[in-house]
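Text of structure34.txt, listed as compact mmCIF, C-alpha atoms and all ligand atoms:
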```txt
# COMPACT_ATOMS: atom_id res chain seq x y z
CA MET A 921 1.81 -24.15 1.31
CA GLN A 922 0.55 -20.77 2.44
CA PHE A 923 0.24 -17.60 0.38
CA ILE A 924 1.59 -15.56 3.31
CA ASP A 925 3.17 -17.45 6.22
CA LEU A 926 2.68 -15.52 9.46
CA GLU A 927 3.18 -18.60 11.65
CA THR A 928 6.88 -19.09 10.98
CA GLN A 929 7.49 -15.43 11.76
CA GLN A 930 5.50 -15.75 14.98
CA ARG A 931 7.47 -18.80 16.10
CA ARG A 932 10.66 -16.74 15.69
CA ILE A 933 9.56 -13.85 17.90
CA ARG A 934 6.78 -15.40 19.99
CA SER A 935 8.48 -14.79 23.34
CA LYS A 936 9.17 -11.14 22.51
CA ILE A 937 5.53 -10.67 21.42
CA GLU A 938 4.27 -12.28 24.63
CA TRP A 939 6.63 -10.15 26.70
CA ASN A 940 5.40 -6.97 25.01
CA ILE A 941 1.73 -7.96 25.43
CA GLN A 942 2.29 -8.71 29.12
CA ASN A 943 3.82 -5.26 29.57
CA VAL A 944 0.60 -3.73 28.25
CA LEU A 945 -1.50 -5.96 30.54
CA ASN A 946 0.65 -4.81 33.45
CA HIS A 947 0.51 -1.06 32.83
CA GLY A 948 -3.10 -1.13 31.61
CA GLN A 949 -2.91 1.90 29.29
CA TYR A 950 -4.89 0.27 26.49
CA ILE A 951 -5.55 3.58 24.73
CA MET A 952 -2.50 5.61 23.68
CA GLY A 953 -0.15 3.72 26.02
CA PRO A 954 3.61 4.36 26.02
CA GLU A 955 4.14 1.78 23.23
CA ILE A 956 2.47 4.18 20.77
CA ALA A 957 5.06 6.94 21.21
CA GLU A 958 7.90 4.39 21.23
CA LEU A 959 6.66 2.87 17.97
CA GLU A 960 6.15 6.30 16.38
CA ASP A 961 9.74 7.30 17.24
CA ARG A 962 11.10 4.07 15.79
CA LEU A 963 8.97 4.33 12.63
CA ALA A 964 10.07 7.93 12.02
CA ALA A 965 13.73 6.97 12.49
CA TYR A 966 13.46 3.94 10.20
CA ILE A 967 11.76 5.93 7.41
CA GLY A 968 13.83 9.07 7.94
CA VAL A 969 10.98 11.55 8.38
CA LYS A 970 10.22 14.03 11.14
CA HIS A 971 6.78 12.72 12.12
CA ALA A 972 5.24 9.24 12.21
CA ILE A 973 1.73 9.08 13.66
CA GLY A 974 0.11 5.74 14.43
CA CYS A 975 -3.53 5.29 13.50
CA SER A 976 -6.23 2.66 13.33
CA SER A 977 -5.79 1.44 9.73
CA GLY A 978 -4.36 2.31 6.35
CA THR A 979 -7.77 3.56 5.29
CA GLU A 980 -7.98 5.86 8.31
CA ALA A 981 -4.44 7.05 7.54
CA LEU A 982 -5.56 8.13 4.05
CA LEU A 983 -8.68 9.75 5.47
CA MET A 984 -6.67 11.73 8.05
CA ALA A 985 -4.26 12.89 5.33
CA LEU A 986 -7.09 14.18 3.12
CA MET A 987 -8.79 15.82 6.11
CA ALA A 988 -5.53 17.59 6.95
CA TYR A 989 -5.86 19.28 3.54
CA ASP A 990 -9.55 20.08 4.19
CA VAL A 991 -10.63 18.02 1.17
CA GLY A 992 -14.36 18.17 0.52
CA PRO A 993 -17.10 18.59 -2.10
CA GLY A 994 -15.94 20.21 -5.33
CA ASP A 995 -12.35 18.99 -4.95
CA ALA A 996 -10.83 16.71 -7.58
CA ILE A 997 -8.27 14.16 -6.38
CA PHE A 998 -6.27 12.25 -9.00
CA THR A 999 -5.55 8.58 -8.38
CA THR A 1000 -5.21 5.18 -10.03
CA PRO A 1001 -8.05 2.77 -10.73
CA PHE A 1002 -5.72 -0.23 -10.34
CA THR A 1003 -5.59 -0.48 -6.55
CA PHE A 1004 -7.48 -1.57 -3.48
CA ILE A 1005 -10.79 0.27 -3.05
CA ALA A 1006 -9.55 2.22 0.02
CA SER A 1007 -7.23 4.44 -2.08
CA ALA A 1008 -10.23 6.10 -3.76
CA GLU A 1009 -12.98 5.35 -1.24
CA VAL A 1010 -11.60 7.95 1.17
CA ILE A 1011 -11.97 10.62 -1.52
CA SER A 1012 -15.66 9.83 -1.92
CA ILE A 1013 -16.25 9.58 1.84
CA LEU A 1014 -15.31 13.27 2.08
CA GLY A 1015 -17.59 14.22 -0.81
CA ALA A 1016 -14.69 14.95 -3.15
CA THR A 1017 -14.37 13.44 -6.63
CA PRO A 1018 -11.79 10.80 -7.58
CA ILE A 1019 -10.34 11.41 -11.05
CA PHE A 1020 -8.90 8.12 -12.25
CA ILE A 1021 -5.70 8.07 -14.29
CA ASP A 1022 -4.66 4.90 -16.10
CA ILE A 1023 -1.47 3.06 -15.10
CA ASP A 1024 1.91 2.51 -16.68
CA PRO A 1025 1.80 -0.94 -18.32
CA LYS A 1026 5.20 -1.91 -16.87
CA THR A 1027 5.06 -0.72 -13.26
CA TYR A 1028 1.24 -0.85 -12.80
CA ASN A 1029 1.57 2.50 -11.00
CA ILE A 1030 -0.11 5.77 -12.04
CA ASP A 1031 1.23 6.94 -15.41
CA PRO A 1032 2.82 10.41 -14.98
CA VAL A 1033 2.27 11.32 -18.66
CA LYS A 1034 -1.46 10.65 -18.40
CA LEU A 1035 -1.47 12.47 -15.07
CA ILE A 1036 -0.06 15.67 -16.64
CA LYS A 1037 -2.68 15.49 -19.35
CA ALA A 1038 -5.54 15.11 -16.86
CA VAL A 1039 -4.24 17.87 -14.58
CA CYS A 1040 -3.91 20.27 -17.52
CA GLU A 1041 -7.39 19.57 -18.85
CA THR A 1042 -9.99 22.14 -17.91
CA PRO A 1043 -11.65 21.03 -14.71
CA LYS A 1044 -14.68 18.98 -15.58
CA ALA A 1045 -18.09 20.44 -14.91
CA GLU A 1046 -20.42 18.61 -12.56
CA PRO A 1047 -24.16 19.14 -13.01
CA GLU A 1048 -24.90 20.01 -9.38
CA SER A 1049 -21.83 21.36 -7.67
CA GLY A 1050 -20.39 23.32 -10.56
CA SER A 1051 -16.84 22.77 -11.73
CA LEU A 1052 -14.25 20.72 -9.89
CA VAL A 1053 -11.08 22.21 -8.47
CA PRO A 1054 -7.95 20.05 -8.80
CA LYS A 1055 -6.61 19.71 -5.26
CA GLY A 1056 -4.29 16.74 -4.91
CA ILE A 1057 -2.90 13.41 -6.03
CA ILE A 1058 -2.98 10.05 -4.27
CA ALA A 1059 -0.22 7.94 -5.82
CA VAL A 1060 -0.24 4.26 -4.86
CA ASP A 1061 2.90 2.10 -4.52
CA ILE A 1062 1.23 -0.98 -5.93
CA PHE A 1063 2.56 -4.41 -4.90
CA GLY A 1064 5.29 -2.62 -2.89
CA LEU A 1065 6.88 -0.74 -5.80
CA PRO A 1066 7.11 3.06 -5.27
CA ALA A 1067 5.45 5.18 -7.97
CA GLU A 1068 7.43 7.77 -9.97
CA TYR A 1069 7.56 10.49 -7.33
CA GLU A 1070 10.15 12.68 -9.02
CA LYS A 1071 7.72 13.25 -11.87
CA ILE A 1072 4.57 13.20 -9.76
CA ASN A 1073 5.94 15.74 -7.25
CA ALA A 1074 7.10 18.03 -10.09
CA ILE A 1075 3.63 18.00 -11.66
CA ALA A 1076 2.12 18.72 -8.25
CA ARG A 1077 4.45 21.66 -7.55
CA LYS A 1078 3.71 23.20 -10.92
CA HIS A 1079 -0.05 22.99 -10.48
CA ASP A 1080 -0.18 23.66 -6.73
CA LEU A 1081 -1.47 20.21 -5.76
CA PHE A 1082 -0.61 18.11 -2.73
CA VAL A 1083 0.72 14.56 -3.07
CA ILE A 1084 -0.25 11.71 -0.77
CA GLU A 1085 1.73 8.47 -1.02
CA ASP A 1086 -0.49 5.44 -0.46
CA ALA A 1087 2.30 3.29 0.92
CA ALA A 1088 -0.02 0.65 2.38
CA GLN A 1089 1.93 -1.99 0.43
CA SER A 1090 5.37 -0.37 0.31
CA PHE A 1091 6.62 0.07 3.88
CA GLY A 1092 10.25 -1.09 3.57
CA ALA A 1093 10.64 -0.25 -0.15
CA GLU A 1094 13.18 2.27 -1.50
CA TYR A 1095 13.24 4.96 -4.17
CA HIS A 1096 16.55 6.64 -5.10
CA SER A 1097 18.09 5.80 -1.67
CA ARG A 1098 15.05 7.13 0.17
CA LYS A 1099 12.54 4.96 1.97
CA ALA A 1100 8.96 4.59 0.81
CA CYS A 1101 6.72 6.53 3.23
CA SER A 1102 8.97 9.59 2.78
CA LEU A 1103 8.30 10.30 -0.89
CA ALA A 1104 5.40 12.78 -0.81
CA ASP A 1105 3.87 15.51 1.38
CA ILE A 1106 2.15 12.85 3.46
CA ALA A 1107 2.56 9.08 3.25
CA CYS A 1108 0.08 6.54 4.60
CA THR A 1109 0.77 2.93 5.42
CA SER A 1110 -1.20 -0.04 6.71
CA PHE A 1111 -0.28 -2.63 9.32
CA PHE A 1112 -3.03 -5.05 8.23
CA PRO A 1113 -1.64 -8.53 9.03
CA ALA A 1114 -0.87 -9.43 5.40
CA LYS A 1115 1.10 -6.26 4.60
CA PRO A 1116 4.93 -6.30 4.64
CA LEU A 1117 4.89 -5.02 8.26
CA GLY A 1118 1.66 -6.27 9.80
CA CYS A 1119 0.17 -6.35 13.28
CA TYR A 1120 -2.47 -8.75 14.64
CA GLY A 1121 -5.49 -6.64 13.80
CA ASP A 1122 -6.00 -3.32 12.08
CA GLY A 1123 -3.41 -0.57 12.24
CA GLY A 1124 -1.70 2.09 10.17
CA ALA A 1125 0.44 5.21 10.25
CA VAL A 1126 0.88 8.56 8.53
CA PHE A 1127 4.29 10.12 7.86
CA THR A 1128 5.24 13.72 7.11
CA ASP A 1129 8.07 16.21 7.44
CA SER A 1130 5.62 19.07 7.92
CA ASP A 1131 5.06 20.21 11.54
CA ASP A 1132 1.81 21.88 10.52
CA LEU A 1133 0.33 18.79 8.83
CA ALA A 1134 1.50 16.56 11.70
CA GLU A 1135 -0.20 18.78 14.26
CA LYS A 1136 -3.44 18.69 12.24
CA MET A 1137 -3.40 14.91 11.86
CA ILE A 1138 -2.64 14.38 15.57
CA SER A 1139 -5.72 16.49 16.30
CA ILE A 1140 -7.88 14.76 13.63
CA ARG A 1141 -6.88 11.34 15.01
CA VAL A 1142 -8.65 12.11 18.29
CA HIS A 1143 -11.91 13.86 17.35
CA GLY A 1144 -10.25 17.10 16.33
CA GLN A 1145 -8.95 17.72 19.83
CA GLY A 1146 -7.27 21.01 20.72
CA SER A 1147 -5.38 21.62 23.94
CA ASP A 1148 -7.23 18.74 25.62
CA LYS A 1149 -9.74 16.10 24.75
CA TYR A 1150 -12.85 18.12 25.62
CA ASN A 1151 -11.68 21.08 23.57
CA ASN A 1152 -12.46 20.25 19.94
CA VAL A 1153 -11.12 22.62 17.32
CA ARG A 1154 -12.05 20.78 14.13
CA ILE A 1155 -14.07 17.78 12.94
CA GLY A 1156 -12.01 14.65 13.42
CA ILE A 1157 -12.40 10.90 13.81
CA ASN A 1158 -11.52 8.14 16.24
CA GLY A 1159 -8.39 7.08 14.40
CA ARG A 1160 -6.12 5.87 17.21
CA LEU A 1161 -3.81 2.87 16.97
CA ASP A 1162 -4.34 0.25 19.69
CA THR A 1163 -1.63 -0.04 22.36
CA PHE A 1164 -1.62 -3.85 21.91
CA GLN A 1165 -1.04 -3.51 18.17
CA ALA A 1166 1.85 -1.11 18.81
CA ALA A 1167 3.36 -3.63 21.23
CA ILE A 1168 3.18 -6.34 18.56
CA LEU A 1169 4.65 -4.06 15.89
CA LEU A 1170 7.60 -3.20 18.16
CA ALA A 1171 8.49 -6.90 18.29
CA LYS A 1172 8.09 -7.31 14.54
CA LEU A 1173 10.10 -4.19 13.70
CA ASP A 1174 13.22 -5.78 15.23
CA ILE A 1175 13.40 -8.39 12.47
CA PHE A 1176 11.83 -6.34 9.69
CA PRO A 1177 15.03 -5.24 7.83
CA GLU A 1178 16.14 -8.87 7.63
CA GLU A 1179 12.69 -9.89 6.38
CA VAL A 1180 12.90 -7.29 3.62
CA GLU A 1181 16.16 -8.90 2.44
CA LEU A 1182 14.58 -12.37 2.50
CA ARG A 1183 11.72 -11.08 0.34
CA GLN A 1184 14.28 -9.72 -2.13
CA GLN A 1185 15.92 -13.13 -2.39
CA ALA A 1186 12.62 -14.91 -3.06
CA ALA A 1187 11.66 -12.33 -5.70
CA HIS A 1188 15.09 -12.64 -7.32
CA CYS A 1189 14.70 -16.41 -7.56
CA TYR A 1190 11.23 -16.09 -9.14
CA THR A 1191 12.40 -13.52 -11.67
CA GLU A 1192 15.43 -15.59 -12.66
CA ASN A 1193 13.21 -18.56 -13.37
CA ILE A 1194 10.59 -16.65 -15.35
CA THR A 1195 12.86 -14.44 -17.42
CA GLY A 1196 13.12 -15.83 -20.93
CA ASN A 1197 9.70 -17.46 -20.88
CA SER A 1198 7.87 -15.80 -23.73
CA LEU A 1199 4.42 -16.28 -22.15
CA LEU A 1200 5.07 -14.67 -18.77
CA ILE A 1201 5.95 -11.09 -17.87
CA PRO A 1202 7.74 -10.81 -14.50
CA PRO A 1203 7.44 -7.64 -12.39
CA TYR A 1204 9.45 -4.69 -13.70
CA VAL A 1205 11.59 -2.80 -11.19
CA PRO A 1206 13.07 0.48 -12.53
CA GLU A 1207 16.67 1.52 -11.79
CA GLN A 1208 17.27 2.84 -8.26
CA ILE A 1209 13.96 1.52 -6.98
CA LYS A 1210 13.57 -1.38 -4.57
CA SER A 1211 10.22 -3.09 -4.22
CA VAL A 1212 9.37 -4.61 -0.86
CA TRP A 1213 7.34 -7.27 -2.70
CA ALA A 1214 4.04 -6.99 -0.86
CA GLN A 1215 2.98 -9.13 -3.83
CA TYR A 1216 4.95 -10.84 -6.55
CA SER A 1217 2.63 -10.35 -9.51
CA ILE A 1218 3.03 -11.80 -12.99
CA LEU A 1219 1.23 -11.05 -16.24
CA ALA A 1220 0.00 -14.10 -18.12
CA LYS A 1221 -0.58 -14.07 -21.88
CA ASP A 1222 -4.35 -13.83 -21.49
CA GLU A 1223 -7.19 -14.75 -19.15
CA GLN A 1224 -7.24 -18.44 -20.19
CA HIS A 1225 -3.49 -18.77 -19.73
CA ARG A 1226 -3.79 -17.28 -16.25
CA ALA A 1227 -6.58 -19.71 -15.34
CA ALA A 1228 -4.51 -22.65 -16.59
CA ILE A 1229 -1.47 -21.61 -14.52
CA GLN A 1230 -3.58 -21.08 -11.41
CA ALA A 1231 -5.15 -24.53 -11.91
CA ASN A 1232 -1.74 -26.14 -12.39
CA LEU A 1233 -0.32 -24.52 -9.25
CA LYS A 1234 -3.42 -25.53 -7.32
CA THR A 1235 -2.87 -29.21 -8.13
CA GLU A 1236 0.64 -28.77 -6.68
CA GLY A 1237 -0.86 -27.31 -3.50
CA ILE A 1238 0.41 -23.82 -4.33
CA PRO A 1239 -2.04 -20.96 -3.68
CA THR A 1240 -2.36 -17.94 -5.98
CA ALA A 1241 -4.41 -14.74 -5.82
CA ILE A 1242 -5.62 -12.04 -8.21
CA TYR A 1243 -4.92 -8.43 -7.28
CA TYR A 1244 -7.07 -6.84 -8.64
CA PRO A 1245 -9.76 -8.61 -10.66
CA LYS A 1246 -11.84 -5.43 -11.19
CA PRO A 1247 -10.45 -1.90 -11.58
CA LEU A 1248 -12.12 0.72 -9.42
CA HIS A 1249 -13.86 2.60 -12.24
CA LEU A 1250 -15.88 -0.59 -12.96
CA GLN A 1251 -16.85 -1.19 -9.32
CA THR A 1252 -20.53 -0.75 -8.47
CA ALA A 1253 -19.48 1.59 -5.65
CA PHE A 1254 -18.19 4.03 -8.27
CA ALA A 1255 -21.03 3.53 -10.76
CA TYR A 1256 -22.17 7.07 -9.90
CA MET A 1257 -19.09 8.37 -11.72
CA GLY A 1258 -20.51 7.08 -15.00
CA HIS A 1259 -17.40 5.28 -16.23
CA ASN A 1260 -17.53 2.59 -18.89
CA LYS A 1261 -15.55 -0.46 -19.91
CA GLY A 1262 -12.66 0.73 -22.04
CA ASP A 1263 -12.10 4.00 -20.15
CA PHE A 1264 -8.81 2.77 -18.63
CA PRO A 1265 -7.65 0.01 -20.98
CA ILE A 1266 -4.26 -0.71 -19.34
CA SER A 1267 -5.85 -1.26 -15.94
CA GLU A 1268 -8.54 -3.43 -17.50
CA ASP A 1269 -6.00 -5.51 -19.40
CA CYS A 1270 -3.96 -6.05 -16.23
CA ALA A 1271 -7.06 -7.06 -14.30
CA ARG A 1272 -7.64 -9.82 -16.88
CA ARG A 1273 -4.06 -11.14 -16.95
CA ILE A 1274 -2.36 -10.51 -13.60
CA PHE A 1275 -1.94 -12.98 -10.75
CA SER A 1276 0.22 -13.21 -7.63
CA ILE A 1277 2.18 -16.14 -6.24
CA PRO A 1278 3.17 -16.85 -2.61
CA MET A 1279 5.45 -14.15 -1.21
CA HIS A 1280 6.79 -13.87 2.33
CA PRO A 1281 10.22 -13.95 4.00
CA TYR A 1282 10.06 -17.63 4.99
CA LEU A 1283 9.85 -19.37 1.61
CA ASN A 1284 12.82 -21.70 1.34
CA GLU A 1285 14.77 -22.17 -1.87
CA LYS A 1286 13.15 -25.50 -2.64
CA GLU A 1287 9.68 -23.99 -2.36
CA GLN A 1288 10.70 -21.00 -4.50
CA LYS A 1289 11.93 -23.32 -7.23
CA ARG A 1290 8.84 -25.52 -7.04
CA ILE A 1291 6.56 -22.49 -7.40
CA ALA A 1292 8.61 -21.10 -10.30
CA GLU A 1293 8.48 -24.45 -12.10
CA GLY A 1294 4.70 -24.68 -11.64
CA LEU A 1295 4.32 -21.46 -13.62
CA ILE A 1296 5.65 -22.97 -16.80
CA ILE A 1297 2.89 -24.87 -18.55
CA GLY A 1298 2.25 -25.97 -22.10
CA TYR A 1299 -0.07 -23.43 -23.71
C1 LIG A 1301 -4.40 -2.41 2.34
C2 LIG A 1301 -4.50 -1.18 1.57
C3 LIG A 1301 -5.15 -0.03 2.05
C4 LIG A 1301 -5.98 -0.01 3.29
O1 LIG A 1301 -5.35 -0.43 4.45
P1 LIG A 1301 -6.23 -0.99 5.67
O2 LIG A 1301 -5.25 -1.03 6.80
O3 LIG A 1301 -6.74 -2.33 5.28
O4 LIG A 1301 -7.33 -0.02 5.92
C5 LIG A 1301 -5.09 1.12 1.28
N1 LIG A 1301 -4.46 1.15 0.11
C6 LIG A 1301 -3.83 0.06 -0.40
C7 LIG A 1301 -3.12 0.17 -1.70
C8 LIG A 1301 -3.85 -1.15 0.30
O5 LIG A 1301 -3.24 -2.21 -0.22
```

When written as structure tokens, how does the structure in this file appear?
Ligand SMILES: *Cc1c(COP(=O)(O)O)cnc(C)c1O
Amino acid sequence: MQFIDLETQQRRIRSKIEWNIQNVLNHGQYIMGPEIAELEDRLAAYIGVKHAIGCSSGTEALLMALMAYDVGPGDAIFTTPFTFIASAEVISILGATPIFIDIDPKTYNIDPVKLIKAVCETPKAEPESGSLVPKGIIAVDIFGLPAEYEKINAIARKHDLFVIEDAAQSFGAEYHSRKACSLADIACTSFFPAKPLGCYGDGGAVFTDSDDLAEKMISIRVHGQGSDKYNNVRIGINGRLDTFQAAILLAKLDIFPEEVELRQQAAHCYTENITGNSLLIPPYVPEQIKSVWAQYSILAKDEQHRAAIQANLKTEGIPTAIYYPKPLHLQTAFAYMGHNKGDFPISEDCARRIFSIPMHPYLNEKEQKRIAEGLIIGY
């Protein structure tokens, strides 16, 4: 059994993918070919935002969003330590300072109450660059579950901060009848192959309703270009999406809404089977929110219990994974921030107990049941 089955999906749409790839080979516009604009139009329509801008990865999407706000040294950006490194790495790349906020123990997303407290605290002094200025928030939709944007956006408005939605895992999710990727000033997603909508390489997109921010990010994507490519009006990056990847995404987008439904069914089956087991905590989905189940992640009783479940599933040929074994504040890359064990206890507790089971649209009912049964062990 596979953790994420991309082969079954490919068999379904192989001829469409090949057709789209051949079109690119025929027209030869490998950089910014017509598939890019077509994909951007379809992404914007699906999400319900004014602008969707393809780019080279989810990480680059986050970087472009921060650059659009001129983030740099002295700026404080609030984010969660319980995420993939990219969410905070982009802050450091620009010389700004990530301020970690612990997560809600039920949703694993940034805790709005702790966020208010951190935002209201006097900006911390840094020995060299003086005091930090709070500038923005990067909220992450972890495992495909949108964060609490109503509260996060209200805090941001009150304190004049921007909000970036790291929707790398949540393309296809919903929050109060709105789609993920439309929930903040700018949203960033990833088309890494294992994400809910993945291409066959690296890819990503940014989304916004703001004409001004869209114009900036379009410029930043291609070396800060102005009216043409040899007229550079700001410092930018090479952040373009590949034409081939856009062609593949166009084929995958056709079946994506149906795949989201199939993910819901698998998650529903898992949750039904776990609920009532006193040792396991299934994912919590608040009212009016729909996860897209980038991961189906369960909390075990403790580290030993998790190891025993993973071992049991392994003997059944069922793969598992741990997202994330080490919170960002304890990563060597962020050692310069001077954090210690115990600084973000909820994130640290999750890192010790959480694990994810296979999740993709092509798990049949028998497999779902078999996986669910393998979770229940004597302990
Ligand atoms: C995958 C991921 C990213 C980065 O996306 P890439 O396309 O791999 O650069 C950023 N944030 C989160 C939460 C992710 O899961």

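The coordinates place CA of Tyr1243 in chain A at 14.1 Å from atom O3 of ligand LIG 1301 (chain A).
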
Using all atoms listed in the file, which of the listed residues (A:Ile1291, A:Ile1084, A:Thr1235, A:Leu1161) sits closest to Leu1133 in chain A? A:Ile1084

Near range 986-1006 of chain A, 10 Å: range 1075-1137 of chain A residue rows, closest pairs, only C-alpha atoms, as a tab-separated table:
```
residue	atom	partner	partner_atom	distance
A:Leu1081	CA	A:Ile997	CA	9.1
A:Phe1082	CA	A:Tyr989	CA	8.3
A:Val1083	CA	A:Phe998	CA	9.5
A:Ile1084	CA	A:Leu986	CA	8.2
A:Asp1086	CA	A:Ala1006	CA	9.6
A:Ala1088	CA	A:Phe1004	CA	9.7
A:Ile1106	CA	A:Leu986	CA	9.3
A:Asp1132	CA	A:Ala988	CA	9.2
A:Leu1133	CA	A:Ala988	CA	6.3
A:Ala1134	CA	A:Ala988	CA	8.5
A:Glu1135	CA	A:Ala988	CA	9.1
A:Lys1136	CA	A:Ala988	CA	5.8
A:Met1137	CA	A:Ala988	CA	6.0
```

Please identify all polymer residues within 12 Å of Ala1059 in chain A, counting all atoms listed in the file, omitting same-chain residues fewer than 4 positions from it, and present them as a PDB file with C-alpha atoms, in the coordinates of the input.
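Here's the written file out.pdb:
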```
ATOM      1  CA  LEU A 982      -5.560   8.130   4.050  1.00  0.00           C
ATOM      2  CA  ILE A 997      -8.270  14.160  -6.380  1.00  0.00           C
ATOM      3  CA  PHE A 998      -6.270  12.250  -9.000  1.00  0.00           C
ATOM      4  CA  THR A 999      -5.550   8.580  -8.380  1.00  0.00           C
ATOM      5  CA  THR A1000      -5.210   5.180 -10.030  1.00  0.00           C
ATOM      6  CA  PRO A1001      -8.050   2.770 -10.730  1.00  0.00           C
ATOM      7  CA  PHE A1002      -5.720  -0.230 -10.340  1.00  0.00           C
ATOM      8  CA  THR A1003      -5.590  -0.480  -6.550  1.00  0.00           C
ATOM      9  CA  SER A1007      -7.230   4.440  -2.080  1.00  0.00           C
ATOM     10  CA  ALA A1008     -10.230   6.100  -3.760  1.00  0.00           C
ATOM     11  CA  ILE A1019     -10.340  11.410 -11.050  1.00  0.00           C
ATOM     12  CA  PHE A1020      -8.900   8.120 -12.250  1.00  0.00           C
ATOM     13  CA  ILE A1021      -5.700   8.070 -14.290  1.00  0.00           C
ATOM     14  CA  ASP A1022      -4.660   4.900 -16.100  1.00  0.00           C
ATOM     15  CA  ILE A1023      -1.470   3.060 -15.100  1.00  0.00           C
ATOM     16  CA  TYR A1028       1.240  -0.850 -12.800  1.00  0.00           C
ATOM     17  CA  ASN A1029       1.570   2.500 -11.000  1.00  0.00           C
ATOM     18  CA  ILE A1030      -0.110   5.770 -12.040  1.00  0.00           C
ATOM     19  CA  ASP A1031       1.230   6.940 -15.410  1.00  0.00           C
ATOM     20  CA  PRO A1032       2.820  10.410 -14.980  1.00  0.00           C
ATOM     21  CA  LEU A1035      -1.470  12.470 -15.070  1.00  0.00           C
ATOM     22  CA  LEU A1065       6.880  -0.740  -5.800  1.00  0.00           C
ATOM     23  CA  PRO A1066       7.110   3.060  -5.270  1.00  0.00           C
ATOM     24  CA  ALA A1067       5.450   5.180  -7.970  1.00  0.00           C
ATOM     25  CA  GLU A1068       7.430   7.770  -9.970  1.00  0.00           C
ATOM     26  CA  TYR A1069       7.560  10.490  -7.330  1.00  0.00           C
ATOM     27  CA  GLU A1070      10.150  12.680  -9.020  1.00  0.00           C
ATOM     28  CA  LYS A1071       7.720  13.250 -11.870  1.00  0.00           C
ATOM     29  CA  ILE A1072       4.570  13.200  -9.760  1.00  0.00           C
ATOM     30  CA  ASN A1073       5.940  15.740  -7.250  1.00  0.00           C
ATOM     31  CA  ALA A1076       2.120  18.720  -8.250  1.00  0.00           C
ATOM     32  CA  PHE A1082      -0.610  18.110  -2.730  1.00  0.00           C
ATOM     33  CA  VAL A1083       0.720  14.560  -3.070  1.00  0.00           C
ATOM     34  CA  ILE A1084      -0.250  11.710  -0.770  1.00  0.00           C
ATOM     35  CA  GLU A1085       1.730   8.470  -1.020  1.00  0.00           C
ATOM     36  CA  ASP A1086      -0.490   5.440  -0.460  1.00  0.00           C
ATOM     37  CA  ALA A1087       2.300   3.290   0.920  1.00  0.00           C
ATOM     38  CA  ALA A1088      -0.020   0.650   2.380  1.00  0.00           C
ATOM     39  CA  GLN A1089       1.930  -1.990   0.430  1.00  0.00           C
ATOM     40  CA  SER A1090       5.370  -0.370   0.310  1.00  0.00           C
ATOM     41  CA  ALA A1100       8.960   4.590   0.810  1.00  0.00           C
ATOM     42  CA  CYS A1101       6.720   6.530   3.230  1.00  0.00           C
ATOM     43  CA  LEU A1103       8.300  10.300  -0.890  1.00  0.00           C
ATOM     44  CA  ALA A1104       5.400  12.780  -0.810  1.00  0.00           C
ATOM     45  CA  ASP A1105       3.870  15.510   1.380  1.00  0.00           C
ATOM     46  CA  ILE A1106       2.150  12.850   3.460  1.00  0.00           C
ATOM     47  CA  ALA A1107       2.560   9.080   3.250  1.00  0.00           C
ATOM     48  CA  CYS A1108       0.080   6.540   4.600  1.00  0.00           C
TER      49      CYS A1108
END
```

Expressed in Å, the length from CA of Asn943 in chain A to CA of Gly1121 in chain A is 18.4 Å

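For range 1143-1160 of chain A, the non-local neighbours within 10 Å, defined as residues at least 3 positions apart in the same chain or in other chains and counting only C-alpha atoms, are A:Ile951, A:Met952, A:Ile956, A:Ile973, A:Gly974, A:Cys975, A:Ser976, A:Ser977, A:Thr979, A:Glu980, A:Ala981, A:Leu983, A:Met984, A:Met987, A:Ala988, A:Gly1123, A:Gly1124, A:Ala1125, A:Glu1135, A:Lys1136, A:Met1137, A:Ile1138, A:Ser1139, A:Ile1140, A:Thr1163.
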
How would the residues just chosen look if you wrote them out with C-alpha atoms as a short mmCIF file (atom, residue, chain, number, x, y, z; two decimals), keeping the file's coordinate frame?
```cif
data_model
loop_
_atom_site.label_atom_id
_atom_site.label_comp_id
_atom_site.auth_asym_id
_atom_site.auth_seq_id
_atom_site.Cartn_x
_atom_site.Cartn_y
_atom_site.Cartn_z
CA ILE A 951 -5.55 3.58 24.73
CA MET A 952 -2.50 5.61 23.68
CA ILE A 956 2.47 4.18 20.77
CA ILE A 973 1.73 9.08 13.66
CA GLY A 974 0.11 5.74 14.43
CA CYS A 975 -3.53 5.29 13.50
CA SER A 976 -6.23 2.66 13.33
CA SER A 977 -5.79 1.44 9.73
CA THR A 979 -7.77 3.56 5.29
CA GLU A 980 -7.98 5.86 8.31
CA ALA A 981 -4.44 7.05 7.54
CA LEU A 983 -8.68 9.75 5.47
CA MET A 984 -6.67 11.73 8.05
CA MET A 987 -8.79 15.82 6.11
CA ALA A 988 -5.53 17.59 6.95
CA GLY A 1123 -3.41 -0.57 12.24
CA GLY A 1124 -1.70 2.09 10.17
CA ALA A 1125 0.44 5.21 10.25
CA GLU A 1135 -0.20 18.78 14.26
CA LYS A 1136 -3.44 18.69 12.24
CA MET A 1137 -3.40 14.91 11.86
CA ILE A 1138 -2.64 14.38 15.57
CA SER A 1139 -5.72 16.49 16.30
CA ILE A 1140 -7.88 14.76 13.63
CA THR A 1163 -1.63 -0.04 22.36
#
```

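The space between atom O2 of ligand LIG 1301 (chain A) and CA of Ser1110 in chain A spans 4.2 Å.
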
If you count all atoms listed in the file, which residues fall within 10 Å of Lys936 in chain A, apart from same-chain ones fewer than 3 positions away, as a list in words? Gln930, Arg932, Ile933, Trp939, Asn940, Ile941, Gln942, Ala1167, Ile1168, Leu1170, Ala1171, Lys1172 and Asp1174 of chain A
